[in-house]
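Chemist: Sharing a structure below in structure tokens format, with a few things to ask.
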There are 2 protein chains.
Amino acid sequence: MKLPLPIIQRIGIHTAWNLKAHLIIKFMSKYYLSVGVAEDFIANTLSAVGVPKSDAVIVANLMIQSDLAGADGHGIFRLPAYIKRIRAGGINLHPNIRYEREQGAITLIHGDNALGHLVMAKAVETAIIKSKQFGVCWVGSHFGNHSGAASVYVRKIAESGLIGIYMAVGNANHMAPWGGIDLLLSTNPIAIAVPAGDQPIVLLDIATTVAAYGKVKLAAQKGEMIPEGWMIDKKGSPLIDPARASEGSLLPIGGHKGYGLALMISLLAGSLNNAAVGKETIDFNMHHDLITNTGQAIIAVDPSAFGDPKEFIMRVKKVVKDIKNSSRLPGVQDIHIPGEGADQLAKERRQNGIPMSQELLDTLNNCARECGVVPLYL
Amino acid sequence: MKLPLPIIQRIGIHTAWNLKAHLIIKFMSKYYLSVGVAEDFIANTLSAVGVPKSDAVIVANLMIQSDLAGADGHGIFRLPAYIKRIRAGGINLHPNIRYEREQGAITLIHGDNALGHLVMAKAVETAIIKSKQFGVCWVGSHFGNHSGAASVYVRKIAESGLIGIYMAVGNANHMAPWGGIDLLLSTNPIAIAVPAGDQPIVLLDIATTVAAYGKVKLAAQKGEMIPEGWMIDKKGSPLIDPARASEGSLLPIGGHKGYGLALMISLLAGSLNNAAVGKETIDFNMHHDLITNTGQAIIAVDPSAFGDPKEFIMRVKKVVKDIKNSSRLPGVQDIHIPGEGADQLAKERRQNGIPMSQELLDTLNNCARECGVVPLYL
């Protein structure tokens, strides 16, 4: 999906005179939206349905961070769903996001059913300040909402020279316990980011399932089958037709291990914060008006508490370099370090724009029109 | 492997008069060693090679916790290897295990190349005290050694009503990076324990590889093949003959996801603590005299910082109950909650003894004789 640079640059030169920062380019069947256009569009649309402008700007910026990292299903793609939820009354547009509890290096944030990005922005800000004070801090939150890719928040922490860990209870249960049928668990993601100086932040962002549910839905849209090992049906047989996804369960990574990890994240990011887990989970795709009570947790650690942070960075870079330069299996071009792909993609997308399909552009523009906002193409 | 209770109880009654707490029973081809006998035996053997008696007692108790939890490869089974290392001069028998750094809720422990259990005992003690003070704490350590099953330490934290998380850099590299050949990663375990009141502690203890290397070695001993998906050879083909294990790499759970998780644990439990990782790792099975500089990390969280801890326990129990009572796949008898198997096993083994093979008993007794200690059978 990498865009051939000379061509886009050529197009860029021809169109730059009238598009400047607000660049929308069509190449092949895809549109490329500049970060500035995308952020303005999101902020304007959110603002049009009642989100205070300053909040809308913050949310727009954070949403686009997901797109920059390549988490295409977690960025601007979600705008229509957020708008739907806002219009259904499922989001508090004037929330009082507050510290419900504060004890030593622990903070529990009450998100007051705000847009999830605002709750996580507060959690990250808190985590950065408190980990510098205590060396480590744990910020739990409840009454949040979907807030995009997990990587966005741990990246912000790592950009401050700290280590960030994020866990969340997903907003829809697509996984059964190991050996079970009932969908009581979500894809509960965990993300970990470690700063690496002048090298890309080492950043892992994984769901505890083999495949994200979004990938299953995408395959269904395209009319493609999904690989064995992604899902099973209620008899335990492989489910490969994504059109039947609602009849089955996603499979956890490592079998019972991933099930255990998902359950533990439910307890740490959900039960500990008194957020919704298991049967209490509100499927945000089904119920737009109900409070999801999303639970999230952020841990931040200050490497300087352990010694000279520069030496820590050097050690991290050494590990990365050794892996990067190690021998490869036949046919493997490159050994990937978690986070370097997203880092590279972010650079490309900042320069060339965020790619999106005609279909997504149409959906976004329909959403914009419904909100009385100028659509993306003129 | 569950022992038929009426029979062992009958044997118990007949032999109780002369064995009491020091119970060794042979049933079928297995011996059952009472916890008391096992602990005394370990403590005496360690003491015979120079470990101060008070330390030997602590280590013996912690080693047997691994056996009680069913982590048979991490308990008394390891005694001969520990003795070998001690005799080779690879362990500091009079260590100064100390706080190298202390900043807020962070402590970095210097293990001074002590027996790993002593370092982790100090780490757990620290974590319990500091998490009650700060709500959360992070205790890193370096210059430790192998300390048995990860579950032992998070269980101790959960027994204090706290949440425990443990991560460690393994003492031998058996995994290549995803797409690579060179063995630069260990099976790096993570364990998480959450208290559940009168119910078993919810406890996950997993390696980040599909199978532990011990299981591969066990299959080799038995002359059995290992399943596809456990290991690959240097061409990336499935390796199913465990006799060829040294030519291959263990596979991570969830492919690139488990690779990423193992790498992150290397950074958090290793690089952050200035412990050995990657190329620096000393294979403790190969080099008995070299300092392993094992890195470990413990995080403890006090649920009372988030609200009434009783309500938290009730929420945890609710999640567990809902999963436990949920519908099962055809042929599945029971949905397991992480930790309940180990809890049940510990009860059985406390009552009936720790099972071990004739082979292991012989090995332990040879080890004892070499140390001038009374062997296990009389």
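So you can find residues: chains in the structure tokens are A, B, ... in the order shown, residues in each start at 1, and ligands are numbered from 1 in order.
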From the DSSP assignment of the backbone, select every residue of segment 152-269 of chain B that is alpha helix (DSSP H), and format the answer as a VMD selection string.
Modeler: chain B and resid 152 to 159 213 to 222 256 to 265
Chemist: Show me, as a PyMOL selection string, the residues of chain A whose atoms get within 7 Å of chain B, using only C-alpha atoms for the distance check.
Modeler: chain A and resi 101+103-106+108+134-138+177-182+204+206+210+234-236+253-254+257+260+267+271-273+278+303+305-306+312+315-316+319+323+326-330+332+335+338
Chemist: Contacts of Leu93 of chain B at 8 Å or less, counting only C-alpha atoms, minus same-chain residues fewer than 6 places along, as a count of residues only?
Modeler: 6
Chemist: Can you work out which one of B:Ile201, B:Ile291, B:Val35, B:Ala245 has the shortest atom-to-atom distance to Lys215 of chain B, counting only C-alpha atoms?
Modeler: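 Closest residue, counting only C-alpha atoms: B:Ala245.
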Chemist: Would you pick out the contacts of Glu359 of chain A at 12 Å or less, using only C-alpha atoms, so that residues sharing its chain but fewer than 2 positions from it are not included, and give the list as a list in words?
Modeler: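 The contact residues come out as Ser29, Lys30, Tyr31, Phe77, Gln221, Pro355, Met356, Ser357, Leu361, Asp362, Thr363, Leu364, Asn365 and Asn366 of chain A.
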Chemist: Go ahead and dump the residues you just picked, N, CA, C and O atoms, as a short mmCIF file (atom, residue, chain, number, x, y, z; two decimals), in the first residue's frame.
Modeler:
data_model
loop_
_atom_site.label_atom_id
_atom_site.label_comp_id
_atom_site.auth_asym_id
_atom_site.auth_seq_id
_atom_site.Cartn_x
_atom_site.Cartn_y
_atom_site.Cartn_z
N SER A 29 -7.44 4.29 -7.04
CA SER A 29 -8.81 4.34 -6.52
C SER A 29 -8.85 4.92 -5.11
O SER A 29 -9.85 4.82 -4.43
N LYS A 30 -7.74 5.49 -4.68
CA LYS A 30 -7.69 5.98 -3.30
C LYS A 30 -7.57 7.50 -3.26
O LYS A 30 -6.99 8.12 -4.14
N TYR A 31 -8.09 8.07 -2.19
CA TYR A 31 -7.89 9.49 -1.92
C TYR A 31 -6.84 9.63 -0.83
O TYR A 31 -6.73 8.79 0.05
N PHE A 77 -12.16 6.80 10.24
CA PHE A 77 -13.16 5.79 9.90
C PHE A 77 -14.29 5.73 10.93
O PHE A 77 -15.42 5.39 10.62
N GLN A 221 -16.91 -7.64 4.02
CA GLN A 221 -17.19 -6.58 3.03
C GLN A 221 -16.65 -6.95 1.67
O GLN A 221 -17.28 -6.74 0.64
N PRO A 355 -4.45 7.71 3.33
CA PRO A 355 -5.21 7.10 2.24
C PRO A 355 -6.60 6.67 2.67
O PRO A 355 -6.78 6.21 3.81
N MET A 356 -7.56 6.86 1.81
CA MET A 356 -8.90 6.32 2.10
C MET A 356 -9.61 5.97 0.82
O MET A 356 -9.35 6.54 -0.23
N SER A 357 -10.53 5.03 0.94
CA SER A 357 -11.26 4.55 -0.23
C SER A 357 -12.37 5.54 -0.61
O SER A 357 -12.79 6.36 0.20
N LEU A 361 -14.74 7.84 1.84
CA LEU A 361 -14.92 9.27 1.58
C LEU A 361 -16.40 9.60 1.45
O LEU A 361 -16.89 10.60 2.01
N ASP A 362 -17.14 8.75 0.73
CA ASP A 362 -18.58 8.96 0.57
C ASP A 362 -19.29 8.91 1.92
O ASP A 362 -20.16 9.74 2.20
N THR A 363 -18.92 7.94 2.73
CA THR A 363 -19.55 7.80 4.05
C THR A 363 -19.29 9.03 4.90
O THR A 363 -20.20 9.56 5.57
N LEU A 364 -18.05 9.49 4.87
CA LEU A 364 -17.69 10.68 5.66
C LEU A 364 -18.46 11.90 5.16
O LEU A 364 -18.94 12.72 5.96
N ASN A 365 -18.58 12.01 3.84
CA ASN A 365 -19.27 13.18 3.29
C ASN A 365 -20.77 13.14 3.56
O ASN A 365 -21.38 14.18 3.82
N ASN A 366 -21.34 11.95 3.54
CA ASN A 366 -22.75 11.83 3.91
C ASN A 366 -22.95 12.28 5.35
O ASN A 366 -23.90 13.01 5.67
#
Chemist: Fewer than 2 positions away in the same chain doesn't count, so skip those; otherwise give me all residues within 12 Å of Asp55 of chain B, counting only C-alpha atoms, as a CSV table (one decimal) with all heavy atoms, in the first residue's frame.
Modeler:
chain,number,residue,atom,x,y,z
B,42,ILE,N,15.5,-30.2,50.8
B,42,ILE,CA,16.1,-29.1,50.1
B,42,ILE,C,17.0,-28.2,51.0
B,42,ILE,O,18.1,-27.9,50.6
B,42,ILE,CB,15.0,-28.2,49.4
B,42,ILE,CG1,14.3,-29.0,48.3
B,42,ILE,CG2,15.7,-27.0,48.7
B,42,ILE,CD1,13.1,-28.3,47.7
B,43,ALA,N,16.4,-27.8,52.1
B,43,ALA,CA,17.1,-26.9,53.0
B,43,ALA,C,18.4,-27.6,53.5
B,43,ALA,O,19.5,-26.9,53.5
B,43,ALA,CB,16.3,-26.6,54.2
B,44,ASN,N,18.4,-28.8,53.8
B,44,ASN,CA,19.6,-29.5,54.3
B,44,ASN,C,20.6,-29.6,53.2
B,44,ASN,O,21.8,-29.5,53.4
B,44,ASN,CB,19.3,-31.0,54.7
B,44,ASN,CG,18.5,-31.0,56.0
B,44,ASN,OD1,18.5,-30.0,56.8
B,44,ASN,ND2,17.7,-32.0,56.3
B,46,LEU,N,21.0,-27.6,50.5
B,46,LEU,CA,21.5,-26.3,50.2
B,46,LEU,C,22.5,-25.9,51.3
B,46,LEU,O,23.6,-25.4,51.1
B,46,LEU,CB,20.4,-25.3,50.1
B,46,LEU,CG,19.5,-25.3,48.9
B,46,LEU,CD1,18.3,-24.4,49.0
B,46,LEU,CD2,20.3,-25.0,47.6
B,47,SER,N,22.1,-26.2,52.5
B,47,SER,CA,22.9,-25.9,53.7
B,47,SER,C,24.3,-26.6,53.6
B,47,SER,O,25.3,-26.0,53.9
B,47,SER,CB,22.1,-26.3,54.9
B,47,SER,OG,22.8,-25.9,56.1
B,50,GLY,N,26.8,-24.9,51.7
B,50,GLY,CA,27.3,-23.6,52.2
B,50,GLY,C,26.3,-22.5,52.2
B,50,GLY,O,26.6,-21.3,52.6
B,51,VAL,N,25.0,-22.8,51.8
B,51,VAL,CA,24.0,-21.7,52.0
B,51,VAL,C,23.6,-21.6,53.4
B,51,VAL,O,23.4,-22.6,54.1
B,51,VAL,CB,22.7,-22.1,51.2
B,51,VAL,CG1,21.6,-21.1,51.3
B,51,VAL,CG2,23.0,-22.3,49.7
B,52,PRO,N,23.7,-20.4,54.0
B,52,PRO,CA,23.3,-20.2,55.4
B,52,PRO,C,21.9,-20.8,55.7
B,52,PRO,O,21.0,-20.7,54.8
B,52,PRO,CB,23.3,-18.7,55.6
B,52,PRO,CG,24.2,-18.2,54.5
B,52,PRO,CD,24.1,-19.1,53.3
B,53,LYS,N,21.8,-21.4,56.8
B,53,LYS,CA,20.6,-22.2,57.1
B,53,LYS,C,19.3,-21.4,56.9
B,53,LYS,O,18.3,-21.8,56.3
B,53,LYS,CB,20.6,-22.8,58.5
B,53,LYS,CG,19.6,-23.8,58.8
B,53,LYS,CD,19.7,-25.1,58.1
B,53,LYS,CE,18.5,-26.0,58.1
B,53,LYS,NZ,18.7,-27.4,58.1
B,57,VAL,N,16.3,-22.3,54.2
B,57,VAL,CA,14.9,-22.6,54.6
B,57,VAL,C,13.9,-21.7,53.7
B,57,VAL,O,12.9,-22.2,53.3
B,57,VAL,CB,14.7,-22.3,56.1
B,57,VAL,CG1,13.2,-22.2,56.5
B,57,VAL,CG2,15.4,-23.3,57.0
B,58,ILE,N,14.3,-20.5,53.5
B,58,ILE,CA,13.5,-19.6,52.7
B,58,ILE,C,13.4,-20.2,51.3
B,58,ILE,O,12.3,-20.3,50.7
B,58,ILE,CB,14.0,-18.2,52.7
B,58,ILE,CG1,13.9,-17.5,54.1
B,58,ILE,CG2,13.3,-17.3,51.6
B,58,ILE,CD1,14.6,-16.2,54.2
B,59,VAL,N,14.6,-20.5,50.7
B,59,VAL,CA,14.6,-21.0,49.3
B,59,VAL,C,13.8,-22.3,49.2
B,59,VAL,O,13.1,-22.5,48.3
B,59,VAL,CB,16.1,-21.2,48.9
B,59,VAL,CG1,16.1,-21.9,47.5
B,59,VAL,CG2,16.8,-19.9,48.8
B,60,ALA,N,14.0,-23.2,50.2
B,60,ALA,CA,13.3,-24.5,50.1
B,60,ALA,C,11.8,-24.3,50.1
B,60,ALA,O,11.1,-24.9,49.3
B,60,ALA,CB,13.7,-25.3,51.4
B,61,ASN,N,11.3,-23.4,51.0
B,61,ASN,CA,9.9,-23.1,51.0
B,61,ASN,C,9.4,-22.6,49.7
B,61,ASN,O,8.4,-23.0,49.1
B,61,ASN,CB,9.6,-22.1,52.1
B,61,ASN,CG,8.2,-21.7,52.2
B,61,ASN,OD1,7.8,-20.7,51.5
B,61,ASN,ND2,7.3,-22.5,52.8
B,62,LEU,N,10.1,-21.7,49.1
B,62,LEU,CA,9.7,-21.1,47.8
B,62,LEU,C,9.8,-22.1,46.7
B,62,LEU,O,9.0,-22.1,45.8
B,62,LEU,CB,10.5,-19.8,47.5
B,62,LEU,CG,10.2,-18.6,48.4
B,62,LEU,CD1,11.2,-17.5,48.2
B,62,LEU,CD2,8.8,-18.1,48.2
B,92,ASN,N,26.5,-16.4,44.7
B,92,ASN,CA,27.1,-15.7,45.9
B,92,ASN,C,26.3,-16.2,47.1
B,92,ASN,O,25.1,-15.9,47.3
B,92,ASN,CB,27.0,-14.2,45.7
B,92,ASN,CG,27.6,-13.5,46.9
B,92,ASN,OD1,28.0,-14.1,47.8
B,92,ASN,ND2,27.6,-12.1,46.7
B,93,LEU,N,27.0,-17.0,48.0
B,93,LEU,CA,26.3,-17.5,49.1
B,93,LEU,C,26.1,-16.6,50.3
B,93,LEU,O,25.3,-16.8,51.2
B,93,LEU,CB,27.0,-18.8,49.6
B,93,LEU,CG,27.1,-19.9,48.5
B,93,LEU,CD1,27.8,-21.1,49.1
B,93,LEU,CD2,25.7,-20.3,48.0
B,94,HIS,N,26.8,-15.5,50.2
B,94,HIS,CA,26.7,-14.5,51.3
B,94,HIS,C,26.5,-13.1,50.7
B,94,HIS,O,27.3,-12.2,50.8
B,94,HIS,CB,28.0,-14.5,52.2
B,94,HIS,CG,28.2,-15.8,52.8
B,94,HIS,ND1,27.5,-16.3,53.9
B,94,HIS,CD2,29.0,-16.9,52.4
B,94,HIS,CE1,27.9,-17.5,54.2
B,94,HIS,NE2,28.8,-17.9,53.3
B,95,PRO,N,25.3,-13.0,50.0
B,95,PRO,CA,25.1,-11.8,49.2
B,95,PRO,C,24.6,-10.6,50.0
B,95,PRO,O,24.1,-10.8,51.1
B,95,PRO,CB,23.9,-12.3,48.3
B,95,PRO,CG,23.2,-13.3,49.1
B,95,PRO,CD,24.2,-14.0,49.9
B,114,ALA,N,22.7,-13.6,44.3
B,114,ALA,CA,22.2,-14.5,45.3
B,114,ALA,C,21.4,-15.6,44.6
B,114,ALA,O,21.0,-15.5,43.4
B,114,ALA,CB,21.3,-13.8,46.3
B,115,LEU,N,21.0,-16.6,45.3
B,115,LEU,CA,20.0,-17.5,44.8
B,115,LEU,C,18.7,-16.7,44.5
B,115,LEU,O,18.3,-15.8,45.2
B,115,LEU,CB,19.6,-18.6,45.8
B,115,LEU,CG,20.6,-19.7,46.0
B,115,LEU,CD1,20.5,-20.5,47.3
B,115,LEU,CD2,20.5,-20.7,44.8
B,116,GLY,N,18.1,-16.9,43.3
B,116,GLY,CA,17.1,-16.1,42.8
B,116,GLY,C,15.9,-15.9,43.7
B,116,GLY,O,15.3,-14.8,43.8
B,117,HIS,N,15.6,-17.0,44.5
B,117,HIS,CA,14.4,-16.9,45.4
B,117,HIS,C,14.6,-15.9,46.5
B,117,HIS,O,13.6,-15.3,46.9
B,117,HIS,CB,14.2,-18.3,46.0
B,117,HIS,CG,14.1,-19.4,45.0
B,117,HIS,ND1,15.2,-19.9,44.3
B,117,HIS,CD2,13.1,-20.2,44.6
B,117,HIS,CE1,14.8,-20.9,43.5
B,117,HIS,NE2,13.5,-21.0,43.7
B,118,LEU,N,15.8,-15.7,46.9
B,118,LEU,CA,16.1,-14.7,48.0
B,118,LEU,C,15.9,-13.3,47.4
B,118,LEU,O,15.3,-12.4,48.1
B,118,LEU,CB,17.5,-14.9,48.5
B,118,LEU,CG,17.8,-16.2,49.1
B,118,LEU,CD1,19.3,-16.3,49.5
B,118,LEU,CD2,17.0,-16.5,50.4
B,119,VAL,N,16.3,-13.1,46.2
B,119,VAL,CA,16.1,-11.8,45.6
B,119,VAL,C,14.6,-11.5,45.4
B,119,VAL,O,14.1,-10.4,45.7
B,119,VAL,CB,16.8,-11.7,44.2
B,119,VAL,CG1,16.7,-10.3,43.6
B,119,VAL,CG2,18.3,-12.1,44.4
B,121,ALA,N,12.2,-12.9,47.0
B,121,ALA,CA,11.5,-12.7,48.3
B,121,ALA,C,11.6,-11.3,48.8
B,121,ALA,O,10.6,-10.7,49.3
B,121,ALA,CB,12.1,-13.7,49.3
B,122,LYS,N,12.8,-10.7,48.6
B,122,LYS,CA,13.0,-9.3,49.0
B,122,LYS,C,12.1,-8.4,48.1
B,122,LYS,O,11.5,-7.4,48.6
B,122,LYS,CB,14.5,-9.0,48.8
B,122,LYS,CG,14.8,-7.5,49.1
B,122,LYS,CD,15.4,-7.4,50.5
B,122,LYS,CE,16.0,-6.0,50.7
B,122,LYS,NZ,16.4,-5.9,52.1
